[in-house]
$ cat target_37.tsv   # TSV, C-alpha atoms
chain	number	residue	atom	x	y	z
B	271	MET	CA	141.68	67.60	146.96
B	272	GLY	CA	139.02	69.80	145.35
B	273	PRO	CA	138.01	70.83	141.81
B	274	GLY	CA	141.62	71.81	141.00
B	275	LEU	CA	142.79	68.19	141.03
B	276	ILE	CA	139.89	67.14	138.78
B	277	VAL	CA	140.67	70.01	136.38
B	278	GLY	CA	144.36	69.07	136.38
B	279	ALA	CA	143.67	65.40	135.70
B	280	ALA	CA	141.00	66.15	133.08
B	281	ASP	CA	143.54	68.40	131.36
B	282	ASP	CA	145.48	65.22	130.51
B	283	ASP	CA	142.56	63.76	128.56
B	284	PRO	CA	143.09	61.45	125.54
B	285	SER	CA	143.38	64.62	123.42
B	286	GLY	CA	146.25	65.84	125.56
B	287	ILE	CA	147.84	62.38	125.74
B	288	ALA	CA	147.80	62.09	121.93
B	289	ILE	CA	149.34	65.55	121.50
B	290	TYR	CA	152.01	65.02	124.18
B	291	ALA	CA	152.90	61.59	122.75
B	292	LEU	CA	152.97	63.02	119.22
B	293	ALA	CA	155.21	65.88	120.41
B	294	GLY	CA	157.64	63.47	122.08
B	295	ALA	CA	157.62	61.17	119.03
B	296	LYS	CA	158.23	64.02	116.56
B	297	PHE	CA	160.72	66.18	118.46
B	298	GLY	CA	162.10	63.97	121.23
B	299	LEU	CA	163.32	65.58	124.43
B	300	SER	CA	163.63	69.04	122.81
B	301	ILE	CA	159.92	69.64	123.51
B	302	LEU	CA	160.18	69.08	127.29
B	303	TRP	CA	160.64	72.79	128.08
B	304	THR	CA	156.93	73.31	127.33
B	305	VAL	CA	156.03	71.44	130.54
B	306	LEU	CA	157.68	74.10	132.71
B	307	GLY	CA	156.74	76.78	130.18
B	308	THR	CA	153.00	76.17	130.61
B	309	LEU	CA	152.86	75.58	134.39
B	310	PRO	CA	152.82	79.17	135.77
B	311	PHE	CA	150.35	80.23	133.10
B	312	MET	CA	148.04	77.30	133.88
B	313	ILE	CA	148.04	78.12	137.58
B	314	ILE	CA	147.42	81.85	137.14
B	315	ILE	CA	144.61	81.61	134.58
B	316	GLN	CA	142.80	78.84	136.50
B	317	ARG	CA	143.16	80.89	139.69
B	318	MET	CA	141.60	83.86	137.94
B	319	ALA	CA	138.68	81.76	136.67
B	320	GLY	CA	138.12	80.15	140.08
B	321	ARG	CA	138.34	83.53	141.82
B	322	ILE	CA	135.65	84.93	139.50
B	323	GLY	CA	133.31	82.06	140.39
B	324	LEU	CA	134.07	82.21	144.11
B	325	ILE	CA	133.63	85.98	144.51
B	326	SER	CA	130.72	86.56	142.12
B	327	SER	CA	128.90	83.27	142.89
B	328	LYS	CA	128.38	82.92	139.12
B	329	GLY	CA	130.09	81.03	136.32
B	330	LEU	CA	131.90	82.72	133.44
B	331	ALA	CA	128.94	82.54	131.03
B	332	ALA	CA	126.57	84.05	133.60
B	333	ASN	CA	129.01	86.91	134.19
B	334	LEU	CA	129.44	87.42	130.45
B	335	LYS	CA	125.67	87.56	130.07
B	336	ARG	CA	125.26	90.24	132.74
B	337	ASN	CA	128.23	92.46	131.92
B	338	TYR	CA	129.21	92.09	128.24
B	339	PRO	CA	127.64	92.34	124.75
B	340	ALA	CA	125.45	89.39	123.76
B	341	TRP	CA	127.53	88.57	120.66
B	342	ILE	CA	130.63	87.88	122.80
B	343	LEU	CA	128.68	85.42	124.96
B	344	ALA	CA	127.05	83.73	121.94
B	345	THR	CA	130.37	83.39	120.09
B	346	ILE	CA	132.41	82.01	122.97
B	347	THR	CA	129.65	79.62	124.12
B	348	THR	CA	129.07	78.27	120.60
B	349	LEU	CA	132.76	77.75	119.83
B	350	ILE	CA	133.55	76.10	123.17
B	351	SER	CA	130.49	73.82	122.96
B	352	LEU	CA	131.34	72.69	119.40
B	353	ALA	CA	135.02	72.14	120.25
B	354	ASN	CA	134.01	70.21	123.38
B	355	ILE	CA	131.68	67.91	121.41
B	356	ILE	CA	134.47	67.17	118.92
B	357	ASN	CA	136.84	66.55	121.83
B	358	ILE	CA	134.34	64.23	123.54
B	359	GLY	CA	133.98	62.23	120.34
B	360	ALA	CA	137.71	61.92	119.86
B	361	ASP	CA	138.15	60.95	123.53
B	362	ILE	CA	135.44	58.28	123.27
B	363	SER	CA	137.08	56.97	120.10
B	364	ALA	CA	140.48	56.81	121.83
B	365	MET	CA	138.96	55.03	124.85
B	366	ALA	CA	137.17	52.53	122.59
B	367	ALA	CA	140.45	51.82	120.80
B	368	ALA	CA	142.17	51.25	124.16
B	369	VAL	CA	139.41	48.83	125.24
B	370	LYS	CA	139.69	46.99	121.90
B	371	LEU	CA	143.40	46.41	122.51
B	372	LEU	CA	142.78	45.17	126.06
B	373	VAL	CA	139.54	43.24	125.38
B	374	PRO	CA	138.57	42.02	121.87
B	375	LEU	CA	135.40	44.10	121.39
B	376	PRO	CA	134.39	46.10	118.27
B	377	ALA	CA	135.29	49.78	118.74
B	378	ILE	CA	131.75	51.06	118.10
B	379	ILE	CA	130.28	48.75	120.79
B	380	SER	CA	132.94	49.91	123.26
B	381	ALA	CA	132.20	53.54	122.35
B	382	VAL	CA	128.45	53.15	122.96
B	383	VAL	CA	128.94	51.22	126.23
B	384	LEU	CA	131.49	53.73	127.56
B	385	SER	CA	129.22	56.66	126.63
B	386	LEU	CA	126.22	55.07	128.35
B	387	ILE	CA	128.27	54.37	131.50
B	388	VAL	CA	129.38	58.01	131.66
B	389	ILE	CA	125.81	59.28	131.05
B	390	VAL	CA	124.29	57.01	133.72
B	391	LEU	CA	126.95	58.02	136.25
B	392	ILE	CA	126.37	61.72	135.55
B	393	ILE	CA	122.58	61.49	135.89
B	394	ILE	CA	122.24	59.05	138.80
B	395	LEU	CA	125.11	59.96	141.13
B	396	PRO	CA	125.03	63.15	143.26
B	397	TYR	CA	127.79	65.74	142.92
B	398	ARG	CA	129.73	64.71	146.04
B	399	VAL	CA	129.95	61.09	144.87
B	400	ILE	CA	130.97	62.17	141.33
B	401	ALA	CA	133.70	64.43	142.73
B	402	LYS	CA	135.01	61.67	145.01
B	403	TYR	CA	134.98	59.13	142.18
B	404	LEU	CA	136.74	61.52	139.77
B	405	LYS	CA	139.49	62.18	142.32
B	406	TRP	CA	140.18	58.45	142.72
B	407	VAL	CA	140.20	57.96	138.94
B	408	ALA	CA	142.79	60.76	138.78
B	409	ILE	CA	145.16	58.68	140.93
B	410	THR	CA	145.20	55.90	138.30
B	411	MET	CA	146.94	58.30	135.92
B	412	PHE	CA	150.15	57.66	137.85
B	413	SER	CA	150.36	54.68	135.47
B	414	TYR	CA	152.14	57.03	133.03
B	415	ILE	CA	154.87	57.74	135.57
B	416	LEU	CA	155.35	54.03	136.21
B	417	ALA	CA	155.36	53.32	132.45
B	418	ALA	CA	158.11	55.91	131.87
B	419	PHE	CA	160.30	54.39	134.61
B	420	LEU	CA	160.00	50.94	133.01
B	421	VAL	CA	161.93	52.28	130.00
B	422	SER	CA	165.62	53.25	130.07
B	423	GLN	CA	165.83	57.06	130.22
B	424	PRO	CA	168.74	59.51	129.65
B	425	TRP	CA	168.00	61.52	132.81
B	426	ARG	CA	170.83	64.03	132.32
B	427	ASP	CA	169.53	64.94	128.85
B	428	ILE	CA	165.99	65.07	130.22
B	429	LEU	CA	167.02	67.63	132.85
B	430	PHE	CA	168.88	69.71	130.26
B	431	HIS	CA	165.96	69.87	127.81
B	432	THR	CA	163.46	70.55	130.60
B	433	PHE	CA	165.21	73.78	131.59
B	434	ILE	CA	166.87	74.87	128.30
B	435	PRO	CA	164.41	75.57	125.44
B	436	GLN	CA	165.51	74.64	121.91
B	437	ILE	CA	162.87	76.26	119.72
B	438	GLN	CA	162.66	75.44	116.01
B	439	LEU	CA	161.21	78.08	113.72
B	440	ASN	CA	159.24	75.88	111.36
B	441	LYS	CA	155.50	75.37	110.87
B	442	GLU	CA	155.38	71.81	112.23
B	443	TYR	CA	157.18	72.72	115.48
B	444	LEU	CA	155.14	75.88	116.02
B	445	ALA	CA	151.90	73.98	115.31
B	446	ILE	CA	152.73	71.42	117.99
B	447	ILE	CA	153.53	74.26	120.44
B	448	VAL	CA	150.11	75.83	119.74
B	449	ALA	CA	148.46	72.41	120.16
B	450	ILE	CA	150.31	71.80	123.47
B	451	TYR	CA	149.35	75.22	124.85
B	452	GLY	CA	145.82	74.81	123.45
B	453	THR	CA	145.18	71.45	125.08
B	454	THR	CA	147.00	72.39	128.32
B	455	ILE	CA	145.36	75.80	128.74
B	456	SER	CA	141.93	74.99	127.27
B	457	PRO	CA	139.08	77.53	127.50
B	458	TYR	CA	136.58	74.89	128.65
B	459	LEU	CA	138.68	74.41	131.80
B	460	PHE	CA	138.19	78.09	132.68
B	461	PHE	CA	134.41	77.61	132.53
B	462	TRP	CA	134.58	74.39	134.55
B	463	GLN	CA	136.86	75.90	137.23
B	464	ALA	CA	134.60	78.93	137.75
B	465	SER	CA	131.41	76.86	137.83
B	466	GLU	CA	132.90	74.28	140.19
B	467	ALA	CA	134.03	77.08	142.53
B	468	VAL	CA	130.37	78.18	142.64
B	469	GLU	CA	129.29	74.56	143.16
B	470	GLU	CA	131.73	73.97	146.02
B	471	LYS	CA	130.64	77.23	147.65
B	472	ARG	CA	126.99	76.20	147.35
B	473	GLN	CA	127.81	72.85	148.94
B	474	VAL	CA	129.53	74.51	151.92
B	475	GLU	CA	126.76	77.07	152.44
B	476	GLY	CA	124.15	74.30	152.14
B	477	MET	CA	125.68	72.59	155.17
B	478	ILE	CA	125.04	75.67	157.34
B	479	PRO	CA	121.54	75.57	158.90
B	480	ASP	CA	119.12	78.36	157.98
B	481	ILE	CA	118.72	79.14	161.69
B	482	GLN	CA	122.31	80.44	161.64
B	483	PRO	CA	122.17	83.11	158.90
B	484	HIS	CA	125.05	85.04	160.51
B	485	ARG	CA	127.37	82.15	159.60
B	486	LYS	CA	126.42	82.45	155.94
B	487	ALA	CA	127.63	86.07	155.85
B	488	ARG	CA	131.13	86.05	154.40
B	489	SER	CA	133.62	88.19	156.29
B	490	ALA	CA	136.79	89.49	154.61
B	491	GLY	CA	138.84	86.96	156.59
B	492	PHE	CA	136.58	84.08	155.56
B	493	ILE	CA	136.75	85.07	151.87
B	494	LYS	CA	140.54	85.34	152.07
B	495	ASN	CA	140.67	81.84	153.57
B	496	GLU	CA	138.39	80.49	150.79
B	497	ILE	CA	140.61	82.05	148.13
B	498	GLY	CA	143.77	80.64	149.76
B	499	THR	CA	142.29	77.13	149.93
B	500	MET	CA	141.21	77.31	146.29
B	501	TYR	CA	144.64	78.55	145.18
B	502	THR	CA	146.37	75.64	146.94
B	503	ASP	CA	143.96	73.20	145.34
B	504	ILE	CA	144.61	74.66	141.87
B	505	ARG	CA	148.40	74.56	142.33
B	506	VAL	CA	148.24	70.88	143.33
B	507	GLY	CA	146.00	70.08	140.34
B	508	MET	CA	148.15	71.90	137.78
B	509	ILE	CA	151.42	70.43	139.11
B	510	PHE	CA	149.80	66.97	138.97
B	511	SER	CA	148.67	67.64	135.38
B	512	ASN	CA	152.09	68.74	134.15
B	513	THR	CA	153.86	65.90	135.96
B	514	ILE	CA	151.75	63.43	133.96
B	515	THR	CA	152.42	65.45	130.77
B	516	PHE	CA	156.17	65.31	131.45
B	517	PHE	CA	156.24	61.53	131.76
B	518	ILE	CA	154.05	60.98	128.68
B	519	MET	CA	156.49	63.08	126.65
B	520	ILE	CA	159.63	61.32	127.92
B	521	LEU	CA	158.01	57.90	127.35
B	522	ALA	CA	157.31	58.80	123.70
B	523	ALA	CA	160.72	60.48	123.31
B	524	ALA	CA	162.55	57.41	124.67
B	525	THR	CA	160.66	54.83	122.59
B	526	LEU	CA	159.10	56.33	119.45
B	527	PHE	CA	161.46	59.21	118.57
B	528	PRO	CA	164.75	57.22	118.25
B	529	LYS	CA	163.07	54.74	115.88
B	530	GLY	CA	161.59	57.49	113.69
B	531	PHE	CA	157.98	56.57	114.52
B	532	ASN	CA	156.65	60.13	114.47
B	533	GLU	CA	153.40	59.66	112.58
B	534	PHE	CA	150.35	57.70	113.76
B	535	SER	CA	146.65	58.37	113.19
B	536	THR	CA	145.07	55.85	115.57
B	537	ILE	CA	145.60	54.69	119.15
B	538	GLU	CA	146.03	51.14	117.79
B	539	GLU	CA	148.98	52.28	115.66
B	540	MET	CA	150.59	54.04	118.61
B	541	ALA	CA	150.13	51.01	120.89
B	542	THR	CA	151.37	48.58	118.22
B	543	ILE	CA	154.54	50.65	117.77
B	544	LEU	CA	155.01	51.12	121.54
B	545	GLN	CA	154.61	47.47	122.60
B	546	PRO	CA	157.80	45.96	121.08
B	547	LEU	CA	159.81	49.04	122.10
B	548	ALA	CA	158.61	49.41	125.69
B	549	GLY	CA	157.18	45.99	126.54
B	550	SER	CA	153.66	44.63	127.02
B	551	PHE	CA	153.27	45.81	130.63
B	552	THR	CA	154.24	49.40	129.76
B	553	ASN	CA	151.82	49.29	126.85
B	554	VAL	CA	148.98	48.10	129.13
B	555	LEU	CA	149.74	50.93	131.58
B	556	PHE	CA	149.62	53.41	128.69
B	557	LEU	CA	146.20	52.12	127.59
B	558	ILE	CA	144.84	52.12	131.17
B	559	GLY	CA	145.91	55.75	131.40
B	560	ILE	CA	143.93	56.58	128.25
B	561	LEU	CA	140.81	54.94	129.71
B	562	ALA	CA	141.19	56.71	133.06
B	563	SER	CA	141.80	60.10	131.46
B	564	GLY	CA	138.76	59.72	129.20
B	565	ILE	CA	136.49	58.81	132.12
B	566	LEU	CA	137.76	61.94	133.87
B	567	ALA	CA	137.61	64.27	130.90
B	568	ILE	CA	134.21	63.48	129.35
B	569	PRO	CA	132.13	64.69	132.35
B	570	VAL	CA	134.29	67.84	132.49
B	571	LEU	CA	133.95	68.50	128.74
B	572	ALA	CA	130.20	67.82	128.72
B	573	GLY	CA	129.75	69.66	132.01
B	574	SER	CA	131.60	72.81	130.94
B	575	ALA	CA	129.50	72.95	127.74
B	576	ALA	CA	126.33	72.45	129.79
B	577	TYR	CA	127.34	75.14	132.30
B	578	ALA	CA	128.08	77.60	129.48
B	579	ILE	CA	124.80	76.93	127.63
B	580	ALA	CA	122.63	76.81	130.78
B	581	GLU	CA	124.08	80.07	132.12
B	582	THR	CA	123.66	81.69	128.69
B	583	VAL	CA	120.01	80.68	128.33
B	584	GLY	CA	119.16	81.10	132.02
B	585	TRP	CA	118.40	77.47	132.87
B	586	ARG	CA	118.98	75.96	136.30
B	587	GLU	CA	122.39	74.35	136.36
B	588	GLY	CA	124.71	72.44	138.63
B	589	LEU	CA	125.85	68.91	139.39
B	590	ASP	CA	124.67	69.44	142.97
B	591	ARG	CA	121.10	69.52	141.62
B	592	ASP	CA	119.52	66.26	140.46
B	593	PHE	CA	117.99	65.67	137.00
B	594	ARG	CA	114.49	66.72	138.11
B	595	ARG	CA	115.73	70.11	139.37
B	596	ALA	CA	117.98	70.88	136.36
B	597	PRO	CA	116.66	68.79	133.43
B	598	GLN	CA	117.94	71.07	130.64
B	599	PHE	CA	121.44	71.15	132.13
B	600	TYR	CA	121.69	67.36	132.23
B	601	THR	CA	120.06	67.04	128.80
B	602	VAL	CA	122.84	69.19	127.30
B	603	MET	CA	125.45	66.93	128.95
B	604	VAL	CA	123.75	63.81	127.58
B	605	ILE	CA	123.37	65.25	124.05
B	606	ALA	CA	127.01	66.43	124.00
B	607	THR	CA	128.18	62.94	124.99
B	608	LEU	CA	125.90	61.18	122.48
B	609	LEU	CA	126.97	63.49	119.64
B	610	GLY	CA	130.53	62.53	120.43
B	611	ILE	CA	129.80	58.92	119.40
B	612	ALA	CA	129.56	60.15	115.78
B	613	ILE	CA	133.37	60.26	115.47
B	614	PRO	CA	133.99	56.53	116.14
B	615	ALA	CA	130.74	55.69	114.29
B	616	PHE	CA	132.06	57.35	111.11
B	617	GLY	CA	135.49	55.78	111.54
B	618	LEU	CA	137.36	59.10	111.71
B	619	HIS	CA	140.99	58.89	112.82
B	620	PRO	CA	140.98	59.85	116.52
B	621	VAL	CA	144.60	61.02	116.79
B	622	ASN	CA	144.15	63.44	113.88
B	623	ILE	CA	140.88	64.71	115.38
B	624	LEU	CA	142.49	65.03	118.82
B	625	TYR	CA	145.37	67.02	117.32
B	626	ILE	CA	142.97	69.30	115.41
B	627	THR	CA	140.95	69.82	118.62
B	628	GLY	CA	144.13	70.96	120.38
B	629	LEU	CA	144.76	73.45	117.57
B	630	ILE	CA	141.15	74.72	117.79
B	631	PHE	CA	141.50	75.28	121.53
B	632	GLY	CA	144.89	76.91	120.88
B	633	VAL	CA	143.38	79.43	118.45
B	634	LEU	CA	140.39	80.05	120.76
B	635	SER	CA	142.49	80.40	123.94
B	636	PRO	CA	143.78	84.01	123.47
B	637	PHE	CA	140.22	85.35	123.22
B	638	ALA	CA	139.07	83.36	126.27
B	639	ILE	CA	142.18	84.42	128.23
B	640	LEU	CA	141.50	88.08	127.45
B	641	LEU	CA	137.90	87.72	128.66
B	642	VAL	CA	139.00	86.07	131.91
B	643	ILE	CA	141.56	88.84	132.53
B	644	HIS	CA	138.94	91.53	131.91
B	645	MET	CA	136.35	89.85	134.15
B	646	ALA	CA	138.89	89.30	136.93
B	647	ASN	CA	139.64	93.04	136.87
B	648	ASN	CA	136.03	94.22	136.52
B	649	PRO	CA	134.84	95.82	139.81
B	650	LYS	CA	131.21	95.20	138.80
B	651	ILE	CA	131.94	91.48	139.01
B	652	MET	CA	134.71	91.28	141.60
B	653	GLY	CA	134.02	94.24	143.88
B	654	LYS	CA	137.15	94.92	145.92
B	655	TYR	CA	138.57	91.47	145.10
B	656	THR	CA	139.85	92.30	141.60
B	657	SER	CA	142.91	90.45	140.34
B	658	ARG	CA	146.36	91.42	141.59
B	659	HIS	CA	149.02	93.10	139.45
B	660	PHE	CA	151.35	90.06	139.39
B	661	SER	CA	148.56	87.75	138.17
B	662	ASN	CA	147.61	90.27	135.48
B	663	VAL	CA	151.20	90.49	134.20
B	664	ILE	CA	151.51	86.68	133.94
B	665	ALA	CA	148.09	86.37	132.27
B	666	TYR	CA	148.90	89.07	129.71
B	667	CYS	CA	152.24	87.35	128.99
B	668	LEU	CA	150.27	84.15	128.29
B	669	PHE	CA	147.95	86.06	125.95
B	670	ILE	CA	150.94	87.51	124.05
B	671	ILE	CA	152.73	84.14	123.80
B	672	MET	CA	149.60	82.37	122.53
B	673	THR	CA	148.83	85.12	120.01
B	674	CYS	CA	152.42	85.27	118.70
B	675	SER	CA	152.62	81.45	118.45
B	676	ILE	CA	149.43	81.31	116.39
B	677	ALA	CA	150.61	84.16	114.13
B	678	ALA	CA	154.02	82.50	113.66
B	679	MET	CA	152.36	79.15	112.87
B	680	PHE	CA	150.44	80.74	109.98
B	681	LEU	CA	153.42	82.83	108.80
B	682	PHE	CA	155.96	80.00	108.61
$ encode --input "target_37.tsv" --output "structure tokens"
Amino acid sequence: MGPGLIVGAADDDPSGIAIYALAGAKFGLSILWTVLGTLPFMIIIQRMAGRIGLISSKGLAANLKRNYPAWILATITTLISLANIINIGADISAMAAAVKLLVPLPAIISAVVLSLIVIVLIIILPYRVIAKYLKWVAITMFSYILAAFLVSQPWRDILFHTFIPQIQLNKEYLAIIVAIYGTTISPYLFFWQASEAVEEKRQVEGMIPDIQPHRKARSAGFIKNEIGTMYTDIRVGMIFSNTITFFIMILAAATLFPKGFNEFSTIEEMATILQPLAGSFTNVLFLIGILASGILAIPVLAGSAAYAIAETVGWREGLDRDFRRAPQFYTVMVIATLLGIAIPAFGLHPVNILYITGLIFGVLSPFAILLVIHMANNPKIMGKYTSRHFSNVIAYCLFIIMTCSIAAMFLF
């Protein structure tokens, strides 16, 4: 279990959970086709991003800096960093609300305590420990699967709607599709995947003694093996991510949709509605899942922003380096997390902010996807390991679907 599992689990952050629950509550089982509809695209685009990092030994921002106009780098880094900060704030707010429902603490105190815990863990713990801890936290997200099985489900209807799309051509439906694709295929995950591929590679090469330089030389067979291992890791992570998404949607569709509860602006509202319909234990599992997903997602959100900014400016970066060796990198992570506290501090509705964040990522995704495709096919970056034709076709299909969905959302 490598970076792919962490990416997959972080993809189901409180932002994603809110959007998937909202989708199930608004449209019931008819939205389930999006789970299968996003999976191949998730795998291919994350594979492309990871391949860029593995082959070039640089993250996406560093490659943009070396090979593309400065305005492209500045625009994409700024937008992703701002969207990530908003997402961090909304995630912290959702986590604080979950804590408040489990333990009677004021939301702002919970938000500050949770933020400080995340910051301390990021700064003090080395990369290997962080990665190991994140992987174990990911396992707790199986609580959503258990929660869904505690509620009576129409499994025949679930299977039908999973494989047979029933698309509605109205603004609300198209907006939720854009939000689902935006939160599932988020640009910040591309940056994290590429940078973590570099990080993992650095870790492996660091274990090889300097007295054996011949072992550090990467043969074609060795590179092929590295790529194969990474691809397997990504597939496992993305399948894990969409499995969790699937069960969140059917839980909301089975409990909230039949009763007409399709609008909620806070986690408290959602939990209050869910408890009498699904039972206290199911509700507790749902809240534990929100906490686990937030703990997973915040380091990834803050880290991807820090990677992008550090690579843009030329600072030392990497979770395998301690604070003294990469102070600016860690400072960006800390600032991004602290800025996120502003959302619960100002009492903004987290579910609305989470939904808006999904839409922002949805609008930003086509541009980021196009950049990843171009980089993956750029011989200056990839040498002879440019992307394969099949991957390019799937990635371009994703770009077209995202672009058309956004256009349709504004037209209808």
$ closest_residue --input "target_37.tsv" --among "B:Asp361, B:Ala576, B:Ser661, B:Pro374" --to "B:Asn647" --atoms "only C-alpha atoms"
B:Ser661
$ residues_around --input "target_37.tsv" --residues "stretch 467-472 of chain B" --least-positions-apart "3" --cutoff "7 Å" --atoms "all atoms listed in the file" --output "PDB file with C-alpha atoms, in the coordinates of the input"
ATOM      1  CA  GLY B 320     138.120  80.150 140.080  1.00  0.00           C
ATOM      2  CA  GLY B 323     133.310  82.060 140.390  1.00  0.00           C
ATOM      3  CA  LEU B 324     134.070  82.210 144.110  1.00  0.00           C
ATOM      4  CA  SER B 327     128.900  83.270 142.890  1.00  0.00           C
ATOM      5  CA  LYS B 328     128.380  82.920 139.120  1.00  0.00           C
ATOM      6  CA  GLY B 329     130.090  81.030 136.320  1.00  0.00           C
ATOM      7  CA  GLN B 463     136.860  75.900 137.230  1.00  0.00           C
ATOM      8  CA  ALA B 464     134.600  78.930 137.750  1.00  0.00           C
ATOM      9  CA  GLU B 475     126.760  77.070 152.440  1.00  0.00           C
ATOM     10  CA  GLY B 476     124.150  74.300 152.140  1.00  0.00           C
ATOM     11  CA  GLY B 588     124.710  72.440 138.630  1.00  0.00           C
ATOM     12  CA  ASP B 590     124.670  69.440 142.970  1.00  0.00           C
TER      13      ASP B 590
END
$ atom_distance --input "target_37.tsv" --atom1 "atom CA of B:Gly298" --atom2 "atom CA of B:Ala523"
4.3 Å
$ closest_residue --input "target_37.tsv" --among "B:Leu352, B:Ile301, B:Ala288, B:Leu384" --to "B:Leu561" --atoms "only C-alpha atoms"
B:Leu384
$ atom_distance --input "target_37.tsv" --atom1 "atom CA of B:Phe593" --atom2 "atom CA of B:Ile394"
8.1 Å
$ residues_around --input "target_37.tsv" --residues "B:Phe412" --least-positions-apart "4" --cutoff "8 Å" --atoms "only C-alpha atoms" --output "ChimeraX atom specification"
/B:416,514,559
$ closest_residue --input "target_37.tsv" --among "B:Pro424, B:Tyr414, B:Val382, B:Ile579" --to "B:Asn512" --atoms "only C-alpha atoms"
B:Tyr414
$ residues_around --input "target_37.tsv" --residues "B:Ala377" --least-positions-apart "4" --cutoff "8 Å" --atoms "all atoms listed in the file" --output "PDB file with C-alpha atoms, in the coordinates of the input"
ATOM      1  CA  SER B 363     137.080  56.970 120.100  1.00  0.00           C
ATOM      2  CA  ALA B 366     137.170  52.530 122.590  1.00  0.00           C
ATOM      3  CA  ALA B 367     140.450  51.820 120.800  1.00  0.00           C
ATOM      4  CA  VAL B 369     139.410  48.830 125.240  1.00  0.00           C
ATOM      5  CA  LYS B 370     139.690  46.990 121.900  1.00  0.00           C
ATOM      6  CA  ALA B 381     132.200  53.540 122.350  1.00  0.00           C
ATOM      7  CA  PRO B 614     133.990  56.530 116.140  1.00  0.00           C
TER       8      PRO B 614
END
$ closest_atom_pairs --input "target_37.tsv" --of "stretch 337-441 of chain B" --to "stretch 628-634 of chain B" --cutoff "12 Å" --atoms "only C-alpha atoms" --output "JSON lines"
{"residue": "B:Thr345", "atom": "CA", "partner": "B:Leu634", "partner_atom": "CA", "distance": 10.6}
{"residue": "B:Ile346", "atom": "CA", "partner": "B:Leu634", "partner_atom": "CA", "distance": 8.5}
{"residue": "B:Thr347", "atom": "CA", "partner": "B:Leu634", "partner_atom": "CA", "distance": 11.3}
{"residue": "B:Thr348", "atom": "CA", "partner": "B:Leu634", "partner_atom": "CA", "distance": 11.5}
{"residue": "B:Leu349", "atom": "CA", "partner": "B:Leu634", "partner_atom": "CA", "distance": 8.0}
{"residue": "B:Ile350", "atom": "CA", "partner": "B:Phe631", "partner_atom": "CA", "distance": 8.2}
{"residue": "B:Ser351", "atom": "CA", "partner": "B:Phe631", "partner_atom": "CA", "distance": 11.2}
{"residue": "B:Leu352", "atom": "CA", "partner": "B:Ile630", "partner_atom": "CA", "distance": 10.1}
{"residue": "B:Ala353", "atom": "CA", "partner": "B:Ile630", "partner_atom": "CA", "distance": 7.1}
{"residue": "B:Asn354", "atom": "CA", "partner": "B:Phe631", "partner_atom": "CA", "distance": 9.2}
{"residue": "B:Ile356", "atom": "CA", "partner": "B:Ile630", "partner_atom": "CA", "distance": 10.1}
{"residue": "B:Asn357", "atom": "CA", "partner": "B:Gly628", "partner_atom": "CA", "distance": 8.6}
{"residue": "B:Ala360", "atom": "CA", "partner": "B:Gly628", "partner_atom": "CA", "distance": 11.1}
$ closest_residue --input "target_37.tsv" --among "B:Phe492, B:Tyr403, B:Phe556, B:Trp462" --to "B:Ala522" --atoms "all atoms listed in the file"
B:Phe556
$ closest_residue --input "target_37.tsv" --among "B:Val583, B:Ile651, B:Ala612, B:Ile560" --to "B:Ala340" --atoms "all atoms listed in the file"
B:Val583
$ atom_distance --input "target_37.tsv" --atom1 "atom CA of B:Ser574" --atom2 "atom CA of B:Gly498"
23.7 Å
$ closest_residue --input "target_37.tsv" --among "B:Thr582, B:Ser456, B:Ser326, B:Gln436" --to "B:Ile342" --atoms "only C-alpha atoms"
B:Thr582
$ residues_around --input "target_37.tsv" --residues "B:Phe433" --least-positions-apart "4" --cutoff "12 Å" --atoms "all atoms listed in the file" --output "list of chain:residue names"
B:Leu299, B:Ser300, B:Ile301, B:Leu302, B:Trp303, B:Thr304, B:Val305, B:Leu306, B:Gly307, B:Arg426, B:Asp427, B:Ile428, B:Leu429
$ build_atoms --input "target_37.tsv" --residues "stretch 566-573 of chain B" --atoms "N, CA and C atoms" --output "PDB file, keeping the file's coordinate frame"
ATOM      1  N   LEU B 566     137.656  60.657 133.164  1.00  0.00           N
ATOM      2  CA  LEU B 566     137.760  61.940 133.870  1.00  0.00           C
ATOM      3  C   LEU B 566     137.323  63.103 132.999  1.00  0.00           C
ATOM      4  N   ALA B 567     137.768  63.092 131.747  1.00  0.00           N
ATOM      5  CA  ALA B 567     137.610  64.270 130.900  1.00  0.00           C
ATOM      6  C   ALA B 567     136.202  64.448 130.348  1.00  0.00           C
ATOM      7  N   ILE B 568     135.517  63.358 130.010  1.00  0.00           N
ATOM      8  CA  ILE B 568     134.210  63.480 129.350  1.00  0.00           C
ATOM      9  C   ILE B 568     133.190  64.221 130.219  1.00  0.00           C
ATOM     10  N   PRO B 569     133.051  63.892 131.526  1.00  0.00           N
ATOM     11  CA  PRO B 569     132.130  64.690 132.350  1.00  0.00           C
ATOM     12  C   PRO B 569     132.526  66.167 132.423  1.00  0.00           C
ATOM     13  N   VAL B 570     133.838  66.445 132.427  1.00  0.00           N
ATOM     14  CA  VAL B 570     134.290  67.840 132.490  1.00  0.00           C
ATOM     15  C   VAL B 570     133.984  68.558 131.179  1.00  0.00           C
ATOM     16  N   LEU B 571     134.241  67.908 130.044  1.00  0.00           N
ATOM     17  CA  LEU B 571     133.950  68.500 128.740  1.00  0.00           C
ATOM     18  C   LEU B 571     132.455  68.734 128.561  1.00  0.00           C
ATOM     19  N   ALA B 572     131.662  67.682 128.842  1.00  0.00           N
ATOM     20  CA  ALA B 572     130.200  67.820 128.720  1.00  0.00           C
ATOM     21  C   ALA B 572     129.658  68.806 129.731  1.00  0.00           C
ATOM     22  N   GLY B 573     130.209  68.766 130.951  1.00  0.00           N
ATOM     23  CA  GLY B 573     129.750  69.660 132.010  1.00  0.00           C
ATOM     24  C   GLY B 573     130.047  71.110 131.731  1.00  0.00           C
TER      25      GLY B 573
END
